[in-house]
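Engineer: Hey, dropping my_file.pdb in here, PDB, C-alpha atoms:
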ATOM      1  CA  MET T   1       0.000   0.000   0.000
ATOM      2  CA  THR T   2       1.324   3.426  -0.932
ATOM      3  CA  THR T   3      -1.717   5.460   0.057
ATOM      4  CA  LEU T   4      -2.446   7.022   3.425
ATOM      5  CA  SER T   5      -5.226   6.092   5.803
ATOM      6  CA  ALA T   6      -7.834   8.646   6.802
ATOM      7  CA  ALA T   7      -6.197   8.792  10.244
ATOM      8  CA  GLU T   8      -2.780   9.523   8.721
ATOM      9  CA  ILE T   9      -4.190  12.283   6.514
ATOM     10  CA  ALA T  10      -5.926  13.825   9.540
ATOM     11  CA  ARG T  11      -2.688  13.634  11.533
ATOM     12  CA  TYR T  12      -0.759  15.346   8.740
ATOM     13  CA  HIS T  13      -3.219  18.234   8.666
ATOM     14  CA  GLU T  14      -3.163  18.474  12.468
ATOM     15  CA  ASP T  15       0.599  18.204  13.022
ATOM     16  CA  GLY T  16       2.054  19.277   9.653
ATOM     17  CA  ILE T  17       4.465  16.307   9.716
ATOM     18  CA  LEU T  18       4.132  12.596   8.963
ATOM     19  CA  PHE T  19       6.898   9.961   9.075
ATOM     20  CA  PRO T  20       8.547   7.525   8.521
ATOM     21  CA  PHE T  21       7.645   5.803   5.250
ATOM     22  CA  ASP T  22       9.799   3.277   3.385
ATOM     23  CA  VAL T  23       9.822   4.578  -0.205
ATOM     24  CA  ILE T  24      13.021   3.470  -1.990
ATOM     25  CA  GLY T  25      15.136   0.360  -1.558
ATOM     26  CA  PRO T  26      18.922  -0.047  -1.139
ATOM     27  CA  ALA T  27      19.598  -0.121  -4.899
ATOM     28  CA  ASP T  28      17.683   3.126  -5.394
ATOM     29  CA  VAL T  29      19.449   4.723  -2.435
ATOM     30  CA  ALA T  30      22.791   3.800  -4.010
ATOM     31  CA  ALA T  31      21.655   5.178  -7.384
ATOM     32  CA  ALA T  32      20.492   8.436  -5.794
ATOM     33  CA  ASN T  33      23.802   8.849  -3.960
ATOM     34  CA  ALA T  34      25.621   8.218  -7.254
ATOM     35  CA  ALA T  35      23.471  10.890  -8.925
ATOM     36  CA  LEU T  36      24.291  13.262  -6.075
ATOM     37  CA  ALA T  37      28.003  12.557  -6.565
ATOM     38  CA  ARG T  38      27.698  13.394 -10.275
ATOM     39  CA  LEU T  39      26.042  16.717  -9.474
ATOM     40  CA  GLU T  40      28.692  17.505  -6.854
ATOM     41  CA  ALA T  41      31.372  16.861  -9.496
ATOM     42  CA  ALA T  42      29.679  19.109 -12.076
ATOM     43  CA  PRO T  43      31.431  22.289 -13.267
ATOM     44  CA  LYS T  44      31.401  25.050 -10.669
ATOM     45  CA  GLU T  45      29.212  27.367 -12.740
ATOM     46  CA  ILE T  46      26.271  24.935 -12.635
ATOM     47  CA  ARG T  47      26.957  22.933  -9.481
ATOM     48  CA  LYS T  48      25.067  25.043  -6.956
ATOM     49  CA  GLY T  49      21.984  25.301  -9.130
ATOM     50  CA  VAL T  50      21.641  21.629  -9.975
ATOM     51  CA  LEU T  51      22.190  20.638  -6.350
ATOM     52  CA  SER T  52      19.668  23.017  -4.808
ATOM     53  CA  SER T  53      16.786  23.513  -7.252
ATOM     54  CA  LYS T  54      14.899  21.265  -9.696
ATOM     55  CA  SER T  55      17.703  18.678  -9.627
ATOM     56  CA  TYR T  56      15.478  16.186 -11.473
ATOM     57  CA  LEU T  57      15.645  18.303 -14.660
ATOM     58  CA  VAL T  58      19.221  17.123 -15.219
ATOM     59  CA  SER T  59      19.018  13.558 -13.887
ATOM     60  CA  GLN T  60      16.823  10.693 -15.048
ATOM     61  CA  THR T  61      17.701   8.867 -11.809
ATOM     62  CA  LEU T  62      16.349  11.688  -9.672
ATOM     63  CA  TYR T  63      13.325  12.225 -11.928
ATOM     64  CA  ASP T  64      12.423   8.544 -11.467
ATOM     65  CA  ILE T  65      12.576   8.935  -7.688
ATOM     66  CA  CYS T  66      10.465  12.109  -7.742
ATOM     67  CA  THR T  67       7.759  10.296  -9.733
ATOM     68  CA  ARG T  68       7.878   7.053  -7.715
ATOM     69  CA  PRO T  69       4.342   5.914  -6.714
ATOM     70  CA  ALA T  70       5.458   5.162  -3.146
ATOM     71  CA  ILE T  71       6.147   8.894  -2.774
ATOM     72  CA  VAL T  72       3.658  10.495  -5.148
ATOM     73  CA  ASP T  73       0.610   8.531  -4.008
ATOM     74  CA  ARG T  74       1.069   9.688  -0.426
ATOM     75  CA  VAL T  75       1.791  13.253  -1.509
ATOM     76  CA  ALA T  76      -1.408  13.290  -3.589
ATOM     77  CA  ASP T  77      -3.366  12.042  -0.585
ATOM     78  CA  VAL T  78      -2.419  15.061   1.547
ATOM     79  CA  LEU T  79      -2.873  17.476  -1.378
ATOM     80  CA  GLY T  80      -6.382  16.290  -2.213
ATOM     81  CA  GLY T  81      -5.747  13.890  -5.107
ATOM     82  CA  ASN T  82      -3.773  15.902  -7.678
ATOM     83  CA  ALA T  83      -0.078  16.694  -7.417
ATOM     84  CA  MET T  84       2.617  18.526  -9.369
ATOM     85  CA  LEU T  85       6.375  18.221  -8.899
ATOM     86  CA  TRP T  86       7.628  21.772  -8.387
ATOM     87  CA  SER T  87      11.240  21.533  -7.221
ATOM     88  CA  ALA T  88      13.812  19.330  -5.493
ATOM     89  CA  GLY T  89      17.291  19.694  -4.079
ATOM     90  CA  PHE T  90      19.825  18.254  -1.674
ATOM     91  CA  PHE T  91      20.692  19.082   1.911
ATOM     92  CA  VAL T  92      24.131  17.663   2.707
ATOM     93  CA  LYS T  93      26.135  17.895   5.929
ATOM     94  CA  GLU T  94      29.545  16.310   5.959
ATOM     95  CA  ALA T  95      30.654  14.369   9.023
ATOM     96  CA  SER T  96      31.649  16.417  12.069
ATOM     97  CA  THR T  97      31.001  19.813  10.482
ATOM     98  CA  PRO T  98      29.307  22.944  11.883
ATOM     99  CA  HIS T  99      26.734  23.461   9.124
ATOM    100  CA  TYR T 100      23.119  23.766  10.215
ATOM    101  CA  VAL T 101      19.693  24.943   9.058
ATOM    102  CA  SER T 102      18.072  27.672  11.141
ATOM    103  CA  TRP T 103      14.434  27.688  12.237
ATOM    104  CA  HIS T 104      12.311  28.845   9.300
ATOM    105  CA  GLN T 105       9.041  28.375   7.397
ATOM    106  CA  ASP T 106       9.418  27.642   3.690
ATOM    107  CA  LEU T 107       6.285  29.461   2.566
ATOM    108  CA  THR T 108       7.877  32.745   3.661
ATOM    109  CA  TYR T 109      10.146  32.691   0.606
ATOM    110  CA  TRP T 110       8.576  30.605  -2.118
ATOM    111  CA  GLY T 111       5.827  32.941  -3.360
ATOM    112  CA  LEU T 112       3.228  30.163  -3.497
ATOM    113  CA  THR T 113      -0.427  30.528  -2.577
ATOM    114  CA  PRO T 114      -2.518  28.928  -1.152
ATOM    115  CA  GLU T 115      -0.455  26.733   1.145
ATOM    116  CA  ASP T 116      -1.237  23.361  -0.484
ATOM    117  CA  VAL T 117       2.455  22.518  -0.755
ATOM    118  CA  VAL T 118       4.271  19.538   0.767
ATOM    119  CA  THR T 119       7.896  18.447   0.972
ATOM    120  CA  ALA T 120       8.875  14.785   0.770
ATOM    121  CA  TRP T 121      12.273  14.581   2.512
ATOM    122  CA  VAL T 122      14.019  11.356   1.449
ATOM    123  CA  ALA T 123      17.006  10.190   3.482
ATOM    124  CA  LEU T 124      19.998   8.954   1.471
ATOM    125  CA  THR T 125      22.156   8.332   4.571
ATOM    126  CA  PRO T 126      21.143   7.850   8.212
ATOM    127  CA  SER T 127      19.383  11.009   9.409
ATOM    128  CA  THR T 128      19.687  10.807  13.182
ATOM    129  CA  VAL T 129      19.802  13.216  16.098
ATOM    130  CA  GLU T 130      23.599  12.876  16.092
ATOM    131  CA  SER T 131      23.901  13.554  12.347
ATOM    132  CA  GLY T 132      21.602  16.592  12.504
ATOM    133  CA  CYS T 133      18.196  15.324  11.394
ATOM    134  CA  MET T 134      15.373  17.731  10.643
ATOM    135  CA  ARG T 135      13.416  18.967  13.664
ATOM    136  CA  VAL T 136       9.898  20.371  13.507
ATOM    137  CA  ILE T 137       7.397  22.124  15.755
ATOM    138  CA  PRO T 138       4.178  20.109  15.220
ATOM    139  CA  GLY T 139       1.132  22.290  14.610
ATOM    140  CA  SER T 140       3.156  25.431  13.841
ATOM    141  CA  HIS T 141       1.791  25.384  10.261
ATOM    142  CA  ARG T 142      -1.685  26.246  11.584
ATOM    143  CA  GLY T 143      -0.692  29.725  12.735
ATOM    144  CA  ALA T 144       0.415  32.810  10.848
ATOM    145  CA  ILE T 145       3.727  33.137   9.040
ATOM    146  CA  LEU T 146       6.217  34.366  11.625
ATOM    147  CA  PRO T 147       8.605  37.282  10.988
ATOM    148  CA  HIS T 148      11.941  36.202   9.484
ATOM    149  CA  SER T 149      15.328  37.862   9.050
ATOM    150  CA  ASN T 150      18.345  37.174   6.834
ATOM    151  CA  THR T 151      21.453  36.379   8.887
ATOM    152  CA  TYR T 152      23.835  35.324   6.069
ATOM    153  CA  ALA T 153      25.583  33.105   8.640
ATOM    154  CA  ALA T 154      28.534  31.348   7.011
ATOM    155  CA  THR T 155      27.599  27.887   8.305
ATOM    156  CA  ASN T 156      23.865  28.166   7.630
ATOM    157  CA  LEU T 157      22.848  25.933   4.700
ATOM    158  CA  LEU T 158      20.007  28.266   3.697
ATOM    159  CA  SER T 159      20.807  30.700   0.898
ATOM    160  CA  ARG T 160      20.446  33.869   2.987
ATOM    161  CA  GLY T 161      20.627  32.370   6.451
ATOM    162  CA  GLN T 162      16.879  32.835   6.716
ATOM    163  CA  GLU T 163      15.727  32.582  10.325
ATOM    164  CA  ILE T 164      12.544  33.065  12.324
ATOM    165  CA  ALA T 165      13.066  36.362  14.121
ATOM    166  CA  VAL T 166      11.082  35.496  17.261
ATOM    167  CA  ALA T 167      11.678  32.869  19.936
ATOM    168  CA  VAL T 168      10.869  29.270  18.989
ATOM    169  CA  ASP T 169       9.789  26.948  21.817
ATOM    170  CA  GLU T 170      12.319  24.173  21.190
ATOM    171  CA  ALA T 171      10.824  22.098  24.010
ATOM    172  CA  LYS T 172       8.061  21.248  21.521
ATOM    173  CA  ALA T 173      10.460  20.132  18.795
ATOM    174  CA  VAL T 174      10.228  16.619  17.331
ATOM    175  CA  ASP T 175      13.252  14.905  15.793
ATOM    176  CA  VAL T 176      12.475  13.493  12.330
ATOM    177  CA  VAL T 177      14.749  10.442  12.435
ATOM    178  CA  LEU T 178      14.945   8.542   9.124
ATOM    179  CA  ALA T 179      16.871   5.539   7.837
ATOM    180  CA  PRO T 180      18.219   5.543   4.267
ATOM    181  CA  GLY T 181      15.311   5.067   1.866
ATOM    182  CA  GLN T 182      12.706   6.468   4.255
ATOM    183  CA  MET T 183      10.860   9.755   3.830
ATOM    184  CA  SER T 184       8.907  12.271   5.854
ATOM    185  CA  LEU T 185       6.155  14.579   4.612
ATOM    186  CA  HIS T 186       6.031  18.109   5.968
ATOM    187  CA  HIS T 187       3.791  21.102   5.380
ATOM    188  CA  VAL T 188       5.197  24.191   3.654
ATOM    189  CA  LYS T 189       4.436  26.357   6.696
ATOM    190  CA  ILE T 190       5.746  24.169   9.512
ATOM    191  CA  ALA T 191       8.635  25.637  11.513
ATOM    192  CA  HIS T 192      11.686  23.396  11.101
ATOM    193  CA  ASN T 193      15.462  23.375  11.512
ATOM    194  CA  SER T 194      18.403  20.999  11.841
ATOM    195  CA  GLU T 195      21.525  20.980  13.981
ATOM    196  CA  PRO T 196      25.157  20.345  12.901
ATOM    197  CA  ASN T 197      26.305  16.839  12.024
ATOM    198  CA  ARG T 198      28.243  15.408  14.962
ATOM    199  CA  ALA T 199      28.312  11.886  13.488
ATOM    200  CA  ALA T 200      31.193  10.157  11.723
ATOM    201  CA  HIS T 201      29.179   9.819   8.508
ATOM    202  CA  ARG T 202      27.722  12.226   5.964
ATOM    203  CA  ARG T 203      24.067  13.223   6.305
ATOM    204  CA  ALA T 204      22.407  13.604   2.893
ATOM    205  CA  GLY T 205      18.745  14.145   2.125
ATOM    206  CA  PHE T 206      16.780  14.805  -1.052
ATOM    207  CA  ALA T 207      13.986  17.327  -0.446
ATOM    208  CA  ILE T 208      11.246  17.033  -3.097
ATOM    209  CA  ARG T 209       8.596  19.788  -3.266
ATOM    210  CA  TYR T 210       5.082  19.140  -4.578
ATOM    211  CA  ILE T 211       2.120  21.472  -5.091
ATOM    212  CA  ALA T 212      -1.578  21.113  -5.823
ATOM    213  CA  PRO T 213      -2.418  22.295  -9.372
ATOM    214  CA  HIS T 214      -4.552  25.207  -8.116
ATOM    215  CA  VAL T 215      -1.537  26.787  -6.367
ATOM    216  CA  LEU T 216      -0.310  30.080  -7.853
ATOM    217  CA  GLN T 217       3.186  31.546  -8.058
ATOM    218  CA  GLN T 218       2.883  35.192  -6.974
ATOM    219  CA  ARG T 219       6.472  36.220  -7.660
ATOM    220  CA  PRO T 220       7.314  37.699 -11.095
ATOM    221  CA  ILE T 221       8.951  34.569 -12.449
ATOM    222  CA  ARG T 222       8.220  32.138 -15.266
ATOM    223  CA  ASP T 223       7.645  29.147 -13.006
ATOM    224  CA  THR T 224       7.410  25.523 -14.091
ATOM    225  CA  ALA T 225       6.158  22.202 -12.725
ATOM    226  CA  THR T 226       5.446  18.616 -13.761
ATOM    227  CA  LEU T 227       2.093  16.896 -13.259
ATOM    228  CA  VAL T 228       2.770  13.621 -11.441
ATOM    229  CA  ARG T 229      -0.696  12.575 -10.254
ATOM    230  CA  GLY T 230      -4.249  13.333 -11.346
ATOM    231  CA  VAL T 231      -5.161  16.266 -13.579
ATOM    232  CA  ASP T 232      -4.214  19.942 -13.923
ATOM    233  CA  ARG T 233      -7.275  22.033 -14.785
ATOM    234  CA  HIS T 234      -5.568  25.339 -14.039
ATOM    235  CA  GLY T 235      -2.412  25.647 -16.143
ATOM    236  CA  HIS T 236      -0.697  28.010 -13.714
ATOM    237  CA  PHE T 237       2.751  26.529 -14.349
ATOM    238  CA  ALA T 238       4.607  25.939 -17.597
ATOM    239  CA  VAL T 239       5.166  22.258 -18.336
ATOM    240  CA  GLU T 240       8.684  20.981 -17.660
ATOM    241  CA  PRO T 241      10.459  18.616 -20.067
ATOM    242  CA  ALA T 242      11.597  15.276 -18.669
ATOM    243  CA  PRO T 243      15.382  14.765 -18.594
ATOM    244  CA  HIS T 244      17.038  12.612 -21.238
ATOM    245  CA  GLY T 245      19.837  11.156 -19.109
ATOM    246  CA  GLU T 246      22.421  12.333 -16.596
ATOM    247  CA  LEU T 247      23.757  15.897 -16.870
ATOM    248  CA  LEU T 248      23.253  16.147 -20.621
ATOM    249  CA  GLU T 249      23.932  19.528 -22.215
ATOM    250  CA  ALA T 250      20.359  20.142 -23.418
ATOM    251  CA  ASP T 251      18.929  19.317 -19.982
ATOM    252  CA  ILE T 252      21.464  21.554 -18.244
ATOM    253  CA  GLU T 253      20.456  24.477 -20.468
ATOM    254  CA  VAL T 254      16.784  24.003 -19.568
ATOM    255  CA  HIS T 255      17.708  23.968 -15.899
ATOM    256  CA  GLN T 256      20.017  26.956 -16.109
ATOM    257  CA  ARG T 257      17.404  29.200 -17.730
ATOM    258  CA  HIS T 258      15.148  28.701 -14.729
ATOM    259  CA  TRP T 259      18.017  28.947 -12.234
ATOM    260  CA  ARG T 260      19.324  32.248 -13.617
ATOM    261  CA  GLU T 261      15.883  33.832 -13.437
ATOM    262  CA  ALA T 262      15.284  32.544  -9.920
ATOM    263  CA  GLN T 263      18.665  33.821  -8.723
ATOM    264  CA  ALA T 264      18.097  37.275 -10.177
ATOM    265  CA  LEU T 265      14.741  37.475  -8.426
ATOM    266  CA  MET T 266      16.181  36.263  -5.122
ATOM    267  CA  GLN T 267      18.908  38.904  -5.223
ATOM    268  CA  ALA T 268      16.343  41.609  -5.939
ATOM    269  CA  GLU T 269      14.177  40.419  -3.040
ATOM    270  CA  ALA T 270      17.167  40.288  -0.687
ATOM    271  CA  ALA T 271      18.096  43.875  -1.596
ATOM    272  CA  ARG T 272      14.638  45.025  -0.511
ATOM    273  CA  THR T 273      14.803  43.362   2.919
TER     274      THR T 273
END
Could you take the file, read its structure, and then write that structure out as structure tokens?

Structural biologist:
Amino acid sequence: MTTLSAAEIARYHEDGILFPFDVIGPADVAAANAALARLEAAPKEIRKGVLSSKSYLVSQTLYDICTRPAIVDRVADVLGGNAMLWSAGFFVKEASTPHYVSWHQDLTYWGLTPEDVVTAWVALTPSTVESGCMRVIPGSHRGAILPHSNTYAATNLLSRGQEIAVAVDEAKAVDVVLAPGQMSLHHVKIAHNSEPNRAAHRRAGFAIRYIAPHVLQQRPIRDTATLVRGVDRHGHFAVEPAPHGELLEADIEVHQRHWREAQALMQAEAART
């Protein structure tokens, strides 16, 4: 079974987090880590983009994972039946390093409305408390978006060091511990963070973002998405081409057009804050 029960769907909407689910096997985990290694070895001018945004546009391996029924069926359940793949990227912490992710809410920065957006976070290595697994504040998605600030901290894995600018009650935090091949589902508005990796192994996760077709992009950008379940009766997003292999030139050019536009917009937004 790759669909959720009514109780699980209700719990997701109540807590904003649901885990763990076994979604890919050892061979797929190995293939995903190999795809990650290829992206990490890509030329410097494209490396950051293909690692952090719409990684599946340049990798058939990653595209296959993003469209896997074990993931997509559950995503569609929490989104109401229809689902579009909107973006995906990697969060990597090397062993015994200080890098972290500050407390934040994704919807603050993505320009999407309404909030029918979910992230499937797939572990490619053990994601434990010691290795700096994701932590969430259950139920925090049901309140208003909190004020955020840009810290630009050198060891923060977020692009601008985005951080909730008010106190977060960490006593309520839940550790999202995942084994390789397992995923969590979290709401676009839930407050979440992760601590540095104190383990002797790398912590790598593939964060896949899905939206319901009625969601709109409010920022002035030519946004794209891929229908992965159900129907799209709205046409709010341009249709993305599927990749043809692994880091092929034509696929990289498609990706880079979107990445350059997104980066220009992000810099303009940062200048205004």

Engineer: Tell me which of T:Ile9, T:Ile252, T:Cys133, T:Ala120 sits closest to Glu45 of chain T, counting only C-alpha atoms.

Structural biologist: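 Closest candidate: T:Ile252.
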
Engineer: Using all atoms listed in the file, find the one residue out of T:Gln218, T:Gln182, T:Thr61, T:Ser55 that sits nearest to Leu107 of chain T.

Structural biologist: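 Using all atoms listed in the file, Leu107 of chain T sits closest to T:Gln218.
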
Engineer: What's around Ile24 of chain T at 9 Å? Count only C-alpha atoms, leave out sequence neighbours fewer than 3 positions away in its own chain, and write the answer as a ChimeraX atom specification.

Structural biologist: /T:27-29,65,68,70-71,122,180-183

Engineer: Run the PyMOL selection byres ((chain T and resi 3) around 10) mentally over the shown coordinates, then write out the matched residues as number ranges by chain, using the chain letters and numbers from the document.

Structural biologist: T: 1-2, 4-6, 8-9, 69-78

Engineer: Within 10 Å of Leu36 of chain T, counting only C-alpha atoms, which residues qualify if same-chain residues fewer than 4 places away don't, as a list in words?

Structural biologist: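 Counting only C-alpha atoms, the residues come to Ala30, Ala31, Ala32, Glu40, Ala41, Ala42, Val50, Leu51, Ser55, Ser59, Thr61, Leu62, Gly89, Phe90, Val92, Leu124, Ala204, Gly205 and Phe206 of chain T.
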
Engineer: Please, could you write that set of residues out with C-alpha atoms as an mmCIF file, keeping the file's coordinate frame?

Structural biologist:
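Written file, result_13.cif:
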data_model
loop_
_atom_site.group_PDB
_atom_site.id
_atom_site.type_symbol
_atom_site.label_atom_id
_atom_site.label_comp_id
_atom_site.auth_asym_id
_atom_site.auth_seq_id
_atom_site.Cartn_x
_atom_site.Cartn_y
_atom_site.Cartn_z
ATOM 1 C CA ALA T 30 22.791 3.800 -4.010
ATOM 2 C CA ALA T 31 21.655 5.178 -7.384
ATOM 3 C CA ALA T 32 20.492 8.436 -5.794
ATOM 4 C CA GLU T 40 28.692 17.505 -6.854
ATOM 5 C CA ALA T 41 31.372 16.861 -9.496
ATOM 6 C CA ALA T 42 29.679 19.109 -12.076
ATOM 7 C CA VAL T 50 21.641 21.629 -9.975
ATOM 8 C CA LEU T 51 22.190 20.638 -6.350
ATOM 9 C CA SER T 55 17.703 18.678 -9.627
ATOM 10 C CA SER T 59 19.018 13.558 -13.887
ATOM 11 C CA THR T 61 17.701 8.867 -11.809
ATOM 12 C CA LEU T 62 16.349 11.688 -9.672
ATOM 13 C CA GLY T 89 17.291 19.694 -4.079
ATOM 14 C CA PHE T 90 19.825 18.254 -1.674
ATOM 15 C CA VAL T 92 24.131 17.663 2.707
ATOM 16 C CA LEU T 124 19.998 8.954 1.471
ATOM 17 C CA ALA T 204 22.407 13.604 2.893
ATOM 18 C CA GLY T 205 18.745 14.145 2.125
ATOM 19 C CA PHE T 206 16.780 14.805 -1.052
#

Engineer: Pull out segment 121-197 of chain T, keep C-alpha atoms, and write it as a short mmCIF file (atom, residue, chain, number, x, y, z; two decimals), in the first residue's frame.

Structural biologist:
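Listed below is the output, selection_21.cif:
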data_model
loop_
_atom_site.label_atom_id
_atom_site.label_comp_id
_atom_site.auth_asym_id
_atom_site.auth_seq_id
_atom_site.Cartn_x
_atom_site.Cartn_y
_atom_site.Cartn_z
CA TRP T 121 12.27 14.58 2.51
CA VAL T 122 14.02 11.36 1.45
CA ALA T 123 17.01 10.19 3.48
CA LEU T 124 20.00 8.95 1.47
CA THR T 125 22.16 8.33 4.57
CA PRO T 126 21.14 7.85 8.21
CA SER T 127 19.38 11.01 9.41
CA THR T 128 19.69 10.81 13.18
CA VAL T 129 19.80 13.22 16.10
CA GLU T 130 23.60 12.88 16.09
CA SER T 131 23.90 13.55 12.35
CA GLY T 132 21.60 16.59 12.50
CA CYS T 133 18.20 15.32 11.39
CA MET T 134 15.37 17.73 10.64
CA ARG T 135 13.42 18.97 13.66
CA VAL T 136 9.90 20.37 13.51
CA ILE T 137 7.40 22.12 15.76
CA PRO T 138 4.18 20.11 15.22
CA GLY T 139 1.13 22.29 14.61
CA SER T 140 3.16 25.43 13.84
CA HIS T 141 1.79 25.38 10.26
CA ARG T 142 -1.68 26.25 11.58
CA GLY T 143 -0.69 29.72 12.74
CA ALA T 144 0.41 32.81 10.85
CA ILE T 145 3.73 33.14 9.04
CA LEU T 146 6.22 34.37 11.62
CA PRO T 147 8.61 37.28 10.99
CA HIS T 148 11.94 36.20 9.48
CA SER T 149 15.33 37.86 9.05
CA ASN T 150 18.35 37.17 6.83
CA THR T 151 21.45 36.38 8.89
CA TYR T 152 23.84 35.32 6.07
CA ALA T 153 25.58 33.11 8.64
CA ALA T 154 28.53 31.35 7.01
CA THR T 155 27.60 27.89 8.31
CA ASN T 156 23.87 28.17 7.63
CA LEU T 157 22.85 25.93 4.70
CA LEU T 158 20.01 28.27 3.70
CA SER T 159 20.81 30.70 0.90
CA ARG T 160 20.45 33.87 2.99
CA GLY T 161 20.63 32.37 6.45
CA GLN T 162 16.88 32.83 6.72
CA GLU T 163 15.73 32.58 10.32
CA ILE T 164 12.54 33.07 12.32
CA ALA T 165 13.07 36.36 14.12
CA VAL T 166 11.08 35.50 17.26
CA ALA T 167 11.68 32.87 19.94
CA VAL T 168 10.87 29.27 18.99
CA ASP T 169 9.79 26.95 21.82
CA GLU T 170 12.32 24.17 21.19
CA ALA T 171 10.82 22.10 24.01
CA LYS T 172 8.06 21.25 21.52
CA ALA T 173 10.46 20.13 18.80
CA VAL T 174 10.23 16.62 17.33
CA ASP T 175 13.25 14.90 15.79
CA VAL T 176 12.48 13.49 12.33
CA VAL T 177 14.75 10.44 12.44
CA LEU T 178 14.94 8.54 9.12
CA ALA T 179 16.87 5.54 7.84
CA PRO T 180 18.22 5.54 4.27
CA GLY T 181 15.31 5.07 1.87
CA GLN T 182 12.71 6.47 4.25
CA MET T 183 10.86 9.76 3.83
CA SER T 184 8.91 12.27 5.85
CA LEU T 185 6.15 14.58 4.61
CA HIS T 186 6.03 18.11 5.97
CA HIS T 187 3.79 21.10 5.38
CA VAL T 188 5.20 24.19 3.65
CA LYS T 189 4.44 26.36 6.70
CA ILE T 190 5.75 24.17 9.51
CA ALA T 191 8.64 25.64 11.51
CA HIS T 192 11.69 23.40 11.10
CA ASN T 193 15.46 23.38 11.51
CA SER T 194 18.40 21.00 11.84
CA GLU T 195 21.52 20.98 13.98
CA PRO T 196 25.16 20.35 12.90
CA ASN T 197 26.31 16.84 12.02
#
